[in-house]
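This report concerns only the one structure given below.
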Amino acid sequence: MPDRLRDLIAQWRNDPSATYQTWFLWDERLKNFRSIRRGIGQVVEEIETGRFGVAYRGSSLETIVHSVAEQRQIFKGADHAFLWKPKLRIPDIYENPANQRAFGRLLHHCSGCSTADEILSGIRTIDQLKIKGLGPAVANLIYFLHPTHAPPFNTAIVNGYNAITGSKVKLGSWEHYLAMREGLLALNARYRDLLSNDLGALAGFLFDVGSGRYPAPPPAGDALSRQGWEERLAQARAEALKFEKATAQQRETDRTHTEIQAWLRDLGRALGYRVWIAANDQSRLHDGARLGEGCLDQLPTALANGAGAESIRLIDVLWLDASPDRVAAAFEVEHSTTIYSGVVRMLDLALSGELHTSAGLFLVAPDSREGDVRAQLQRPAFSRISDLDVRYLPYRELDRHRGSIARFGSDLRGLTEISHRLT
């Protein structure tokens with residue numbers, strides 16, 4: 001018998017508008033792992049020191065869950081499980097100090113785990129406490145700590161899993177989550193050549209099945225169901241064409257991000273700086289050439305071996321003085337995604353001690369995003385930003401003045417004049 005599930009996964013991988021290409025292969029997904037992990041660490045620290053508070057709104061947890069929720073469509077709504085529902089008193093981690101500390105211990109435990117058994121031990125410990133409303137939605141945080149051991153968990157993923165396997169996994173149950181996890185590991189092993197060690201790939205496939213994008217294959221030997229499945233699969237192919245416009249818009253977003261990086265690269269070199277392009281962006285093409293062409297191949301030793309190096313190497317653009325070997329300016333291009341990851345990378349750079357006192361930290365974004373950026377920086381999670389001179393550099397101002405600054409400038413003063421201080 002043909003392996004219809006294998007055929008379906010192969011079709012899904014090749015669909016330019018399915019989650020494999022729009023989310024799993026998305027460069028920003030990888031960039032956000034470190035910043036989300038750091039945010040989880042901040043939640044743990046605030047709980048341990050009694051500074052977390054009694055509300056979700058405005059908390060460090062809201063900031064990090066919001067960042068997860070902006071991970072494209074697959075995590076849309078990830079914050080719903082953590083929103084305080086006062087009539088139900090759930091999730092009971094805001095007004096119950098003991099439950100809050102238990103939640104913090106789970107995140108702390110999982111942050112330090114190195115094996116699947118350790119992760120499962122932490123999950124079983126929290127499950128035994130039966131904290132009302134605190135269910136497997138937490139797995140969406142654990143996934144960003146251990147993507148090869150803990151799959152994401154939401155309604156569409158569960159529906160997809162049930163449709164593919166004939167299971168009856170229920171939302172809200174850690175026991176059901178752990179059973180589903182075992183089934184996912186078996187599926188992932190069977191189709192590993194089409195998927196990944198990162199369980200996000202399989203979760204993305206199940207999300208597309210569970211949200212109705214692709215029909216699940218029928219049971220073997222059911223000819224009538226197979227005929228219906230073929231018809232629904234043809235319909236899914238037709239539906240995929242409708243997503244081409246959205247996919248084209250996303251490609252335009254990625255192109256714009258790369259184009260702005262190229263502007264900053266060229267401007268930095270014109271001003272006499274050495275330029276570093278984010279490690280995972282260097283091979284992107286702009287005007288037929290690699291974005292990283294003519295730029296540094298590796299970070300200076302002090303940065304490469306210093307604190308926060310893993311995060312710093314992903315900053316969109318760095319300008320470095322020729323001598324001494326230090327960063328003069330850092331730029332994060334925030335075209336359409338959350339600013340959380342970019343700000344965290346800025347903090348890592350500042351705390352590394354490799355900045356001049358006069359260095360510039362710039363969030364570069366469309367003119368229309370300034371209000372959103374300012375609002376985000378008011379969150380308690382970004383309180384340390386007030387110690388840094390972070391500036392907002394609008395696309396339009398950069399485009400309008402970059403030629404003149406390149407021709408007549410010699411330092412950061414031109415950019416300082418056309419940017420706006422945020423703190």
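Chains: A, B, ... in order of the structure tokens. Residues: from 1 per chain. Ligands: from 1, in order shown.
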
Within 10 Å of A:Leu398, counting only C-alpha atoms, which residues qualify if same-chain residues fewer than 2 places away don't, as a ChimeraX atom specification? /A:260,263-264,267,364-365,393-396,400-403,405,414-415,418-419

Out of stretch 345-411 of chain A, which residues get helix (DSSP H, G or I) from DSSP, as a VMD selection string? chain A and resid 345 to 351 367 to 377 380 to 387 395 to 408

Selection from above, N, CA and C atoms, as a short mmCIF file (atom, residue, chain, number, x, y, z; two decimals), in the first residue's frame, can you write it?
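Final output, saved to selection.cif:
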```
data_model
loop_
_atom_site.label_atom_id
_atom_site.label_comp_id
_atom_site.auth_asym_id
_atom_site.auth_seq_id
_atom_site.Cartn_x
_atom_site.Cartn_y
_atom_site.Cartn_z
N ARG A 345 19.07 41.39 22.22
CA ARG A 345 20.42 41.35 21.64
C ARG A 345 21.17 42.65 21.93
N MET A 346 20.47 43.77 21.91
CA MET A 346 21.09 45.05 22.27
C MET A 346 21.59 45.00 23.72
N LEU A 347 20.77 44.46 24.61
CA LEU A 347 21.17 44.36 26.02
C LEU A 347 22.40 43.47 26.18
N ASP A 348 22.42 42.36 25.48
CA ASP A 348 23.58 41.46 25.55
C ASP A 348 24.86 42.18 25.11
N LEU A 349 24.74 42.98 24.06
CA LEU A 349 25.91 43.72 23.57
C LEU A 349 26.36 44.75 24.60
N ALA A 350 25.40 45.49 25.16
CA ALA A 350 25.75 46.52 26.13
C ALA A 350 26.40 45.91 27.38
N LEU A 351 25.84 44.77 27.82
CA LEU A 351 26.36 44.14 29.04
C LEU A 351 27.69 43.44 28.80
N ASP A 367 8.25 54.00 9.63
CA ASP A 367 7.81 55.20 10.36
C ASP A 367 6.57 54.91 11.20
N SER A 368 5.70 54.04 10.71
CA SER A 368 4.43 53.78 11.38
C SER A 368 4.57 52.97 12.66
N ARG A 369 5.75 52.40 12.92
CA ARG A 369 5.91 51.52 14.09
C ARG A 369 6.45 52.23 15.32
N GLU A 370 6.73 53.51 15.24
CA GLU A 370 7.35 54.19 16.38
C GLU A 370 6.48 54.12 17.62
N GLY A 371 5.17 54.35 17.44
CA GLY A 371 4.27 54.30 18.60
C GLY A 371 4.27 52.93 19.25
N ASP A 372 4.27 51.88 18.43
CA ASP A 372 4.29 50.52 18.95
C ASP A 372 5.58 50.23 19.69
N VAL A 373 6.70 50.68 19.12
CA VAL A 373 8.00 50.47 19.77
C VAL A 373 8.05 51.17 21.12
N ARG A 374 7.59 52.41 21.16
CA ARG A 374 7.60 53.15 22.44
C ARG A 374 6.71 52.46 23.47
N ALA A 375 5.56 51.98 23.03
CA ALA A 375 4.66 51.29 23.96
C ALA A 375 5.29 50.02 24.50
N GLN A 376 5.97 49.27 23.62
CA GLN A 376 6.61 48.04 24.06
C GLN A 376 7.71 48.30 25.08
N LEU A 377 8.45 49.38 24.89
CA LEU A 377 9.57 49.68 25.79
C LEU A 377 9.10 50.16 27.16
N PRO A 380 7.60 46.52 31.93
CA PRO A 380 8.59 46.30 32.98
C PRO A 380 9.76 45.42 32.54
N ALA A 381 9.50 44.50 31.63
CA ALA A 381 10.57 43.60 31.17
C ALA A 381 11.70 44.36 30.49
N PHE A 382 11.42 45.58 30.02
CA PHE A 382 12.44 46.37 29.33
C PHE A 382 12.98 47.50 30.21
N SER A 383 12.84 47.38 31.50
CA SER A 383 13.24 48.47 32.40
C SER A 383 14.72 48.81 32.27
N ARG A 384 15.56 47.84 31.97
CA ARG A 384 17.00 48.09 31.89
C ARG A 384 17.37 48.91 30.65
N ILE A 385 16.43 48.98 29.69
CA ILE A 385 16.69 49.76 28.48
C ILE A 385 16.88 51.23 28.81
N SER A 386 16.26 51.68 29.89
CA SER A 386 16.37 53.10 30.25
C SER A 386 17.81 53.51 30.53
N ASP A 387 18.68 52.54 30.80
CA ASP A 387 20.10 52.84 31.05
C ASP A 387 20.88 53.01 29.74
N TYR A 395 12.67 54.25 8.61
CA TYR A 395 13.11 53.92 7.25
C TYR A 395 13.21 55.16 6.37
N ARG A 396 12.15 55.98 6.42
CA ARG A 396 12.07 57.11 5.49
C ARG A 396 13.22 58.08 5.71
N GLU A 397 13.54 58.35 6.97
CA GLU A 397 14.64 59.27 7.26
C GLU A 397 15.98 58.67 6.83
N LEU A 398 16.14 57.38 7.07
CA LEU A 398 17.38 56.72 6.67
C LEU A 398 17.53 56.78 5.14
N ASP A 399 16.47 56.46 4.43
CA ASP A 399 16.52 56.47 2.97
C ASP A 399 16.80 57.88 2.43
N ARG A 400 16.16 58.88 3.04
CA ARG A 400 16.27 60.25 2.56
C ARG A 400 17.68 60.82 2.77
N HIS A 401 18.34 60.44 3.86
CA HIS A 401 19.59 61.11 4.23
C HIS A 401 20.84 60.25 4.11
N ARG A 402 20.69 58.95 3.80
CA ARG A 402 21.87 58.09 3.83
C ARG A 402 22.93 58.52 2.79
N GLY A 403 22.49 59.02 1.65
CA GLY A 403 23.46 59.46 0.64
C GLY A 403 24.29 60.63 1.13
N SER A 404 23.63 61.62 1.73
CA SER A 404 24.35 62.80 2.24
C SER A 404 25.27 62.44 3.40
N ILE A 405 24.79 61.56 4.29
CA ILE A 405 25.61 61.17 5.43
C ILE A 405 26.85 60.42 4.94
N ALA A 406 26.67 59.54 3.95
CA ALA A 406 27.80 58.79 3.41
C ALA A 406 28.82 59.73 2.76
N ARG A 407 28.32 60.80 2.13
CA ARG A 407 29.21 61.71 1.40
C ARG A 407 29.92 62.69 2.32
N PHE A 408 29.19 63.22 3.28
CA PHE A 408 29.76 64.31 4.09
C PHE A 408 30.07 63.91 5.54
#
```

Within 12 Å of A:Gly112, counting only C-alpha atoms, which residues show up once you throw out same-chain ones fewer than 5 positions away? Write them as a PDB file with N, CA, C and O atoms, in the first residue's frame, please.
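This is the output file result-v8.pdb:
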```pdb
ATOM      1  N   ARG A  37      14.354  32.397  25.520  1.00  0.00           N
ATOM      2  CA  ARG A  37      14.975  31.719  26.665  1.00  0.00           C
ATOM      3  C   ARG A  37      15.401  32.726  27.728  1.00  0.00           C
ATOM      4  O   ARG A  37      15.229  32.488  28.927  1.00  0.00           O
ATOM      5  N   ILE A  40      12.393  33.873  29.638  1.00  0.00           N
ATOM      6  CA  ILE A  40      11.959  32.876  30.619  1.00  0.00           C
ATOM      7  C   ILE A  40      12.815  32.990  31.880  1.00  0.00           C
ATOM      8  O   ILE A  40      12.312  32.897  33.006  1.00  0.00           O
ATOM      9  N   GLY A  41      14.112  33.222  31.684  1.00  0.00           N
ATOM     10  CA  GLY A  41      14.996  33.413  32.840  1.00  0.00           C
ATOM     11  C   GLY A  41      14.588  34.611  33.673  1.00  0.00           C
ATOM     12  O   GLY A  41      14.674  34.588  34.910  1.00  0.00           O
ATOM     13  N   VAL A  44      11.576  33.687  35.807  1.00  0.00           N
ATOM     14  CA  VAL A  44      12.008  32.880  36.952  1.00  0.00           C
ATOM     15  C   VAL A  44      12.626  33.763  38.032  1.00  0.00           C
ATOM     16  O   VAL A  44      12.301  33.630  39.227  1.00  0.00           O
ATOM     17  N   ARG A 105       9.546  27.337  39.537  1.00  0.00           N
ATOM     18  CA  ARG A 105      10.466  26.205  39.693  1.00  0.00           C
ATOM     19  C   ARG A 105      10.458  25.307  38.456  1.00  0.00           C
ATOM     20  O   ARG A 105      11.497  24.781  38.048  1.00  0.00           O
ATOM     21  N   LEU A 106       9.268  25.130  37.854  1.00  0.00           N
ATOM     22  CA  LEU A 106       9.197  24.322  36.636  1.00  0.00           C
ATOM     23  C   LEU A 106      10.033  24.948  35.526  1.00  0.00           C
ATOM     24  O   LEU A 106      10.828  24.264  34.864  1.00  0.00           O
ATOM     25  N   LEU A 107       9.864  26.253  35.307  1.00  0.00           N
ATOM     26  CA  LEU A 107      10.629  26.929  34.259  1.00  0.00           C
ATOM     27  C   LEU A 107      12.126  26.887  34.556  1.00  0.00           C
ATOM     28  O   LEU A 107      12.946  26.676  33.654  1.00  0.00           O
ATOM     29  N   GLU A 118      14.739  14.394  32.513  1.00  0.00           N
ATOM     30  CA  GLU A 118      14.689  15.506  33.461  1.00  0.00           C
ATOM     31  C   GLU A 118      13.501  16.424  33.173  1.00  0.00           C
ATOM     32  O   GLU A 118      12.834  16.903  34.085  1.00  0.00           O
ATOM     33  N   ILE A 119      13.251  16.679  31.896  1.00  0.00           N
ATOM     34  CA  ILE A 119      12.115  17.525  31.519  1.00  0.00           C
ATOM     35  C   ILE A 119      10.807  16.874  31.955  1.00  0.00           C
ATOM     36  O   ILE A 119       9.936  17.524  32.546  1.00  0.00           O
ATOM     37  N   GLY A 122      10.111  17.230  35.623  1.00  0.00           N
ATOM     38  CA  GLY A 122       9.574  18.536  35.988  1.00  0.00           C
ATOM     39  C   GLY A 122       8.103  18.661  35.655  1.00  0.00           C
ATOM     40  O   GLY A 122       7.318  19.224  36.430  1.00  0.00           O
ATOM     41  N   ILE A 142       8.345  25.627  27.070  1.00  0.00           N
ATOM     42  CA  ILE A 142       9.364  24.595  27.196  1.00  0.00           C
ATOM     43  C   ILE A 142       9.939  24.245  25.824  1.00  0.00           C
ATOM     44  O   ILE A 142      11.129  23.914  25.699  1.00  0.00           O
ATOM     45  N   LEU A 145      12.917  26.083  25.009  1.00  0.00           N
ATOM     46  CA  LEU A 145      14.077  25.652  25.791  1.00  0.00           C
ATOM     47  C   LEU A 145      14.652  24.351  25.243  1.00  0.00           C
ATOM     48  O   LEU A 145      15.872  24.163  25.211  1.00  0.00           O
ATOM     49  N   HIS A 146      13.758  23.450  24.793  1.00  0.00           N
ATOM     50  CA  HIS A 146      14.190  22.109  24.361  1.00  0.00           C
ATOM     51  C   HIS A 146      13.383  21.667  23.147  1.00  0.00           C
ATOM     52  O   HIS A 146      12.488  20.817  23.265  1.00  0.00           O
TER      53      HIS A 146
END
```

Neighbouring residues of A:Asn197 were defined as those with any atom within 8 Å, considering only C-alpha atoms; residues of the same chain fewer than 3 positions away were excluded. Please report them as an MDAnalysis selection string. chainID A and resid 148 188 192

Grab the residues selected above and save them as a compact mmCIF listing (two decimals), in the first residue's frame with all heavy atoms.
```txt
# COMPACT_ATOMS: atom_id res chain seq x y z
N THR A 148 13.98 19.72 20.76
CA THR A 148 14.10 18.32 20.33
C THR A 148 13.41 17.37 21.31
O THR A 148 13.29 16.17 21.01
CB THR A 148 15.57 17.90 20.20
OG1 THR A 148 16.22 18.02 21.47
CG2 THR A 148 16.29 18.76 19.17
N ASN A 188 7.85 11.16 14.23
CA ASN A 188 9.02 11.90 13.78
C ASN A 188 10.15 10.95 13.38
O ASN A 188 10.86 11.18 12.40
CB ASN A 188 9.51 12.84 14.90
CG ASN A 188 10.35 13.98 14.37
OD1 ASN A 188 9.88 14.78 13.58
ND2 ASN A 188 11.60 14.05 14.80
N ARG A 192 11.57 10.87 9.65
CA ARG A 192 12.67 11.77 9.99
C ARG A 192 13.32 12.38 8.76
O ARG A 192 13.76 13.54 8.78
CB ARG A 192 13.71 11.00 10.82
CG ARG A 192 14.99 11.76 11.11
CD ARG A 192 14.73 12.97 12.01
NE ARG A 192 15.96 13.73 12.21
CZ ARG A 192 16.45 14.60 11.34
NH1 ARG A 192 15.83 14.83 10.20
NH2 ARG A 192 17.56 15.25 11.60
```

To one decimal place in Å, what is the distance between atom CA of A:Arg29 and atom CA of A:Thr301?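 Interatomic distance here is 26.8 Å.
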
Write out as a list in words which residues come within 9 Å of A:Ile90 when counting only C-alpha atoms, dropping same-chain ones fewer than 6 positions away.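 Using only C-alpha atoms, the neighbours found are Ala81, Phe82, Leu83, Trp84, Ile131, Lys132, Gly133 and Leu134 of chain A.
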
Saved selection, atoms kept: C-alpha atoms, as an mmCIF file, in the first residue's frame:
```
data_model
loop_
_atom_site.group_PDB
_atom_site.id
_atom_site.type_symbol
_atom_site.label_atom_id
_atom_site.label_comp_id
_atom_site.auth_asym_id
_atom_site.auth_seq_id
_atom_site.Cartn_x
_atom_site.Cartn_y
_atom_site.Cartn_z
ATOM 1 C CA ALA A 81 -4.001 30.235 28.234
ATOM 2 C CA PHE A 82 -2.123 32.708 30.439
ATOM 3 C CA LEU A 83 -4.704 35.504 30.468
ATOM 4 C CA TRP A 84 -6.185 35.925 33.937
ATOM 5 C CA ILE A 131 -2.784 23.919 39.621
ATOM 6 C CA LYS A 132 -6.068 25.072 38.175
ATOM 7 C CA GLY A 133 -5.755 26.348 34.619
ATOM 8 C CA LEU A 134 -2.015 25.649 34.320
#
```

Could you list, as a list in words, every residue within 10 Å of A:Asn99, counting only C-alpha atoms and ignoring same-chain residues fewer than 2 positions away?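 Residues meeting the cut-off are Pro91, Asp92, Ile93, Tyr94, Glu95, Asn96, Pro97, Arg101, Ala102, Phe103, Gly104, Arg105, Ile126, Leu129, Lys130, Ile131, Lys132 and Leu134 of chain A.
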
Report as a PyMOL selection string all protein, DNA and RNA residues lying within 10 Å of stretch 60-69 of chain A, evaluated on only C-alpha atoms, omitting residues in the same chain fewer than 4 positions from it. chain A and resi 29+32-33+35-44+46-47+52-53+55-56+73-83+138+140-141+144+337-341+376+379-382

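Taking atom CA of A:Val317 as the reference point, atom CA of A:Gln71 is found at 22.1 Å.
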
Judged by only C-alpha atoms, the minimum distance to A:Asn154 among A:Leu422, A:Leu187, A:Leu206, A:Ala216 is found for A:Leu206

Would you work out the distance separating atom CA of A:Leu8 from atom CA of A:Pro136, expressed in Å to one decimal?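 Distance reported for this atom pair: 27.4 Å.
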
Selected residue of minimal separation from A:Leu195 among A:Arg6, A:Arg72, A:Arg284, A:Lys170, counting only C-alpha atoms: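 Among the listed residues, A:Arg6 lies closest to A:Leu195.
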
Hey, which of A:Gln100, A:Ser323, A:Thr19, A:Gln11 ends up closest to A:Pro215? Count only C-alpha atoms.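 Of A:Gln100, A:Ser323, A:Thr19, A:Gln11, the one nearest A:Pro215, counting only C-alpha atoms, is A:Gln11.
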